[in-house]
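So this one's query-v3.cif, mmCIF, C-alpha atoms and all ligand atoms:
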data_coords
loop_
_atom_site.label_atom_id
_atom_site.label_comp_id
_atom_site.auth_asym_id
_atom_site.auth_seq_id
_atom_site.Cartn_x
_atom_site.Cartn_y
_atom_site.Cartn_z
CA MET A 20 49.95 -28.49 37.13
CA ALA A 21 51.89 -29.56 40.22
CA SER A 22 49.79 -27.74 42.81
CA ALA A 23 46.57 -29.13 41.37
CA LEU A 24 47.87 -32.53 42.41
CA LYS A 25 49.34 -31.71 45.78
CA ASN A 26 48.07 -29.69 48.71
CA LEU A 27 50.98 -27.76 50.23
CA SER A 28 49.69 -28.40 53.76
CA GLU A 29 49.70 -32.18 53.38
CA TYR A 30 52.52 -34.24 54.82
CA ASP A 31 52.91 -37.43 56.80
CA GLU A 32 52.69 -36.10 60.35
CA ASN A 33 53.69 -39.43 61.90
CA ALA A 34 56.87 -39.61 59.82
CA LEU A 35 58.11 -36.22 61.04
CA PRO A 36 60.66 -36.25 63.88
CA SER A 37 59.96 -34.32 67.09
CA ALA A 38 61.04 -30.67 66.95
CA GLU A 39 61.28 -30.41 70.74
CA THR A 40 65.01 -29.73 70.95
CA LEU A 41 65.45 -28.12 67.53
CA ARG A 42 66.34 -24.45 66.97
CA PHE A 43 64.88 -22.44 64.11
CA GLY A 44 65.32 -19.05 62.52
CA ILE A 45 62.55 -17.52 60.41
CA ALA A 46 63.03 -14.51 58.14
CA VAL A 47 59.78 -13.00 56.83
CA ALA A 48 59.54 -10.44 54.01
CA ASP A 49 57.18 -7.47 54.46
CA TRP A 50 56.28 -7.18 50.76
CA ASN A 51 52.82 -8.73 50.14
CA ALA A 52 52.46 -8.76 53.92
CA LYS A 53 48.99 -10.32 54.03
CA ILE A 54 50.33 -13.34 52.17
CA THR A 55 53.67 -13.59 53.98
CA HIS A 56 51.98 -13.28 57.36
CA ALA A 57 49.68 -16.20 56.49
CA LEU A 58 52.72 -18.21 55.35
CA TYR A 59 54.55 -17.34 58.57
CA GLN A 60 51.56 -18.39 60.67
CA GLY A 61 51.33 -21.73 58.86
CA CYS A 62 55.05 -22.29 59.37
CA LEU A 63 55.01 -21.32 63.05
CA ASP A 64 51.93 -23.47 63.78
CA THR A 65 53.66 -26.45 62.18
CA LEU A 66 56.86 -26.02 64.22
CA LEU A 67 54.88 -25.66 67.47
CA LYS A 68 52.55 -28.55 66.62
CA HIS A 69 55.60 -30.82 66.38
CA GLY A 70 57.00 -29.74 69.72
CA ALA A 71 59.30 -26.81 68.93
CA LYS A 72 59.69 -24.43 71.87
CA GLU A 73 58.86 -20.76 71.33
CA GLU A 74 62.17 -19.73 72.90
CA ASN A 75 63.97 -21.77 70.23
CA ILE A 76 62.29 -19.96 67.34
CA HIS A 77 63.92 -16.67 66.31
CA VAL A 78 61.91 -14.49 63.95
CA ILE A 79 62.96 -11.38 62.02
CA GLN A 80 61.23 -9.23 59.38
CA VAL A 81 63.03 -7.92 56.31
CA PRO A 82 61.74 -5.33 53.78
CA GLY A 83 61.37 -7.57 50.72
CA SER A 84 62.20 -11.05 49.48
CA PHE A 85 65.48 -9.83 48.00
CA GLU A 86 66.64 -9.19 51.59
CA LEU A 87 65.75 -12.72 52.78
CA THR A 88 69.27 -14.03 52.19
CA SER A 89 70.88 -11.21 54.22
CA GLY A 90 68.27 -11.72 56.92
CA ALA A 91 68.96 -15.45 57.02
CA ARG A 92 72.72 -14.76 57.25
CA LEU A 93 72.16 -12.34 60.12
CA LEU A 94 70.06 -14.96 61.92
CA ALA A 95 72.78 -17.58 61.41
CA GLY A 96 75.34 -15.19 62.88
CA ALA A 97 73.23 -14.23 65.87
CA HIS A 98 71.92 -17.63 67.01
CA LYS A 99 72.87 -21.31 67.03
CA LEU A 100 70.29 -22.74 64.61
CA ASP A 101 69.42 -26.12 63.14
CA ALA A 102 67.40 -24.72 60.21
CA ILE A 103 66.43 -21.35 58.76
CA ILE A 104 63.19 -20.70 56.92
CA ALA A 105 62.91 -17.79 54.46
CA ILE A 106 59.34 -16.65 53.85
CA GLY A 107 58.34 -14.34 51.03
CA CYS A 108 55.99 -13.82 48.13
CA VAL A 109 57.17 -12.42 44.81
CA ILE A 110 54.28 -11.74 42.46
CA LYS A 111 55.06 -11.53 38.75
CA GLY A 112 54.52 -8.03 37.40
CA GLU A 113 54.99 -6.22 34.11
CA THR A 114 58.79 -6.51 34.22
CA ASN A 115 61.22 -9.35 34.95
CA HIS A 116 61.92 -8.16 38.50
CA ASN A 117 60.44 -11.35 39.91
CA GLU A 118 62.95 -13.54 38.10
CA TYR A 119 65.90 -11.53 39.44
CA ILE A 120 64.57 -11.66 42.99
CA ASN A 121 63.55 -15.33 42.90
CA ASN A 122 66.83 -16.51 41.36
CA SER A 123 68.83 -14.40 43.77
CA VAL A 124 67.02 -15.72 46.84
CA ALA A 125 67.17 -19.32 45.64
CA MET A 126 70.92 -19.07 44.94
CA GLY A 127 71.56 -17.04 48.08
CA LEU A 128 69.86 -19.55 50.35
CA THR A 129 71.58 -22.47 48.64
CA ASN A 130 74.98 -20.82 49.08
CA LEU A 131 74.20 -19.94 52.68
CA SER A 132 73.21 -23.55 53.46
CA ILE A 133 76.52 -24.74 52.05
CA ALA A 134 78.62 -22.06 53.75
CA THR A 135 77.08 -22.42 57.21
CA SER A 136 75.92 -26.08 57.19
CA VAL A 137 72.56 -24.79 58.42
CA PRO A 138 69.77 -26.00 56.10
CA CYS A 139 67.92 -23.03 54.59
CA ILE A 140 64.36 -23.62 53.48
CA PHE A 141 62.78 -21.83 50.49
CA GLY A 142 59.40 -20.70 51.80
CA VAL A 143 58.92 -18.23 48.97
CA LEU A 144 55.83 -18.19 46.79
CA THR A 145 56.49 -17.25 43.15
CA PRO A 146 52.95 -16.75 41.78
CA ASN A 147 51.84 -15.16 38.52
CA ASP A 148 49.13 -13.17 40.29
CA GLU A 149 47.62 -12.44 43.69
CA GLN A 150 44.97 -15.17 43.40
CA GLN A 151 47.65 -17.83 42.98
CA ALA A 152 49.31 -16.45 46.12
CA ILE A 153 46.04 -16.58 48.08
CA ASP A 154 45.44 -20.16 46.91
CA ARG A 155 48.83 -21.21 48.30
CA SER A 156 48.87 -19.31 51.61
CA GLY A 157 45.94 -21.06 53.28
CA GLY A 158 43.61 -21.32 50.27
CA LYS A 159 42.59 -24.17 48.04
CA TYR A 160 46.14 -25.48 47.55
CA GLY A 161 47.04 -25.31 51.23
CA ASN A 162 49.77 -23.24 52.80
CA LYS A 163 53.39 -23.21 51.64
CA GLY A 164 54.37 -22.07 55.14
CA VAL A 165 53.23 -25.44 56.47
CA GLU A 166 55.33 -27.19 53.85
CA ALA A 167 58.33 -25.01 54.74
CA GLY A 168 57.91 -25.72 58.47
CA ALA A 169 57.67 -29.48 57.95
CA THR A 170 60.70 -29.39 55.64
CA ALA A 171 62.67 -27.40 58.21
CA ILE A 172 61.93 -29.98 60.92
CA ARG A 173 63.10 -32.82 58.68
CA MET A 174 66.30 -31.07 57.67
CA ALA A 175 67.09 -29.84 61.20
CA ALA A 176 66.63 -33.36 62.59
CA LEU A 177 68.79 -34.77 59.79
CA LYS A 178 71.55 -32.28 60.61
CA ILE A 179 71.50 -33.25 64.30
CA ALA A 180 71.36 -36.99 63.54
CA LEU A 181 74.40 -36.78 61.25
CA GLN A 182 76.30 -34.66 63.77
CA LYS A 183 75.64 -37.33 66.40
CA GLY A 184 76.69 -40.10 63.99
CA ASP A 185 73.29 -41.81 64.17
CA LYS A 186 72.63 -44.67 61.75
CA LEU A 187 69.80 -43.44 59.52
CA LYS A 188 66.93 -45.66 58.44
CA ILE A 189 65.96 -45.48 54.78
CA GLY A 190 62.37 -46.18 53.74
CA PHE A 191 60.23 -44.97 50.86
C1 LIG A 201 60.71 -4.13 44.41
C2 LIG A 201 59.87 -5.32 44.68
C3 LIG A 201 58.85 -5.69 43.80
C4 LIG A 201 58.54 -4.92 42.57
N1 LIG A 201 58.07 -6.75 44.05
C5 LIG A 201 58.30 -7.50 45.15
C6 LIG A 201 57.49 -8.63 45.42
O1 LIG A 201 56.54 -9.00 44.72
N2 LIG A 201 57.78 -9.35 46.55
C7 LIG A 201 58.82 -9.03 47.39
O2 LIG A 201 59.03 -9.74 48.38
N3 LIG A 201 59.58 -7.94 47.15
C8 LIG A 201 59.34 -7.17 46.07
N4 LIG A 201 60.09 -6.08 45.83
C9 LIG A 201 61.08 -5.64 46.83
C10 LIG A 201 62.46 -6.34 46.74
O3 LIG A 201 62.39 -7.66 47.25
C11 LIG A 201 63.50 -5.56 47.57
O4 LIG A 201 63.01 -5.35 48.87
C12 LIG A 201 63.83 -4.21 46.95
O5 LIG A 201 64.21 -4.35 45.61
C13 LIG A 201 64.99 -3.51 47.71
O6 LIG A 201 66.17 -4.30 47.64
#
Mind converting the file's structure to structure tokens?
Ligand code: DLZ
Amino acid sequence: MASALKNLSEYDENALPSAETLRFGIAVADWNAKITHALYQGCLDTLLKHGAKEENIHVIQVPGSFELTSGARLLAGAHKLDAIIAIGCVIKGETNHNEYINNSVAMGLTNLSIATSVPCIFGVLTPNDEQQAIDRSGGKYGNKGVEAGATAIRMAALKIALQKGDKLKIGF
């Protein structure tokens, strides 16, 4: 199982660019609020830890994960942003609602990234039950919000570097 091998809060801190001049939007879903708030906190802490300025982080709340794409689009229209992070938690239930929501958000964010050239980060947990969500929002498998924040910094810095025409170093 992937998450048994990798802690979602682990990344190479020294390899991450500074977020000091980068601008972020965060859309957070209210459904499963205890979980999404913990994801949001992990994401925010990561952005701030790497130098992002509070005034450059724009946060909105939306009702549920299905609304994350609209929220992200509204953020992109309202602010000049280098990356947008969508945070939600869709717990599998008795019906297939989770698949519709998850697929819609994944496709929506992908399309939005392409249409706006602003990288959109999928900070959505898709657990089978609440325990899996707890384990991944600051529990034994770390915090997906941290992963989303670190990913946003990388993608935002990449966007700026390519806009400036910087020569990029490749190293694995
Ligand atoms: C309706 C619904 C259900 C059943 N479950 C979740 C969930 O686990 N996580 C989540 O973020 N949202 C859920 N929603 C709400 C939908 O995302 C959406 O807000 C409503 O269908 C209204 O469009």
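Going from atom CA of Val124 of chain A to atom CA of Ser84 of chain A covers 7.2 Å.
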**OP:** Find the residues around segment 163-175 of chain A up to 10 Å (all atoms listed in the file counted), leave out those fewer than 4 positions away in its own chain, and share them as a ChimeraX atom specification.
**Re:** /A:26-32,34-45,55-67,69,71,100-107,137-144,152,154-157,179-180
Write as a PDB file with C-alpha atoms, in the frame of the given file the residues around ligand LIG 201 (chain A), taking 9 Å as the cut-off and counting all atoms listed in the file.
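New file result-v7.pdb:
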ATOM      1  CA  ALA A  48      59.540 -10.440  54.010  1.00  0.00           C
ATOM      2  CA  ASP A  49      57.180  -7.470  54.460  1.00  0.00           C
ATOM      3  CA  TRP A  50      56.280  -7.180  50.760  1.00  0.00           C
ATOM      4  CA  ASN A  51      52.820  -8.730  50.140  1.00  0.00           C
ATOM      5  CA  ALA A  52      52.460  -8.760  53.920  1.00  0.00           C
ATOM      6  CA  THR A  55      53.670 -13.590  53.980  1.00  0.00           C
ATOM      7  CA  VAL A  81      63.030  -7.920  56.310  1.00  0.00           C
ATOM      8  CA  PRO A  82      61.740  -5.330  53.780  1.00  0.00           C
ATOM      9  CA  GLY A  83      61.370  -7.570  50.720  1.00  0.00           C
ATOM     10  CA  SER A  84      62.200 -11.050  49.480  1.00  0.00           C
ATOM     11  CA  PHE A  85      65.480  -9.830  48.000  1.00  0.00           C
ATOM     12  CA  GLU A  86      66.640  -9.190  51.590  1.00  0.00           C
ATOM     13  CA  LEU A  87      65.750 -12.720  52.780  1.00  0.00           C
ATOM     14  CA  ILE A 106      59.340 -16.650  53.850  1.00  0.00           C
ATOM     15  CA  GLY A 107      58.340 -14.340  51.030  1.00  0.00           C
ATOM     16  CA  CYS A 108      55.990 -13.820  48.130  1.00  0.00           C
ATOM     17  CA  VAL A 109      57.170 -12.420  44.810  1.00  0.00           C
ATOM     18  CA  ILE A 110      54.280 -11.740  42.460  1.00  0.00           C
ATOM     19  CA  LYS A 111      55.060 -11.530  38.750  1.00  0.00           C
ATOM     20  CA  GLY A 112      54.520  -8.030  37.400  1.00  0.00           C
ATOM     21  CA  THR A 114      58.790  -6.510  34.220  1.00  0.00           C
ATOM     22  CA  HIS A 116      61.920  -8.160  38.500  1.00  0.00           C
ATOM     23  CA  ASN A 117      60.440 -11.350  39.910  1.00  0.00           C
ATOM     24  CA  ILE A 120      64.570 -11.660  42.990  1.00  0.00           C
ATOM     25  CA  ASN A 121      63.550 -15.330  42.900  1.00  0.00           C
ATOM     26  CA  VAL A 143      58.920 -18.230  48.970  1.00  0.00           C
ATOM     27  CA  THR A 145      56.490 -17.250  43.150  1.00  0.00           C
TER      28      THR A 145
END
Original post:
How many Å separate atom CA of Ala134 of chain A from atom CA of Ile189 of chain A?
Top reply: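 Pair atom CA of Ala134 of chain A / atom CA of Ile189 of chain A returns 26.6 Å.
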Original post:
What is the distance between atom CA of Lys186 of chain A and atom CA of Glu73 of chain A, in Å to one decimal?
Top reply: 29.2 Å
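Nearest residue to His77 of chain A among A:Lys178, A:Lys99, A:Lys25, A:Lys188 is A:Lys99, counting all atoms listed in the file.
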Show me, as AutoDock Vina command-line options, the centre and edge lengths in Å to one decimal of the axis-aligned box that covers every listed atom of segment 108-111 of chain A with 8 Å on each side.
--center_x 55.7 --center_y -12.7 --center_z 43.4 --size_x 18.9 --size_y 18.3 --size_z 25.4
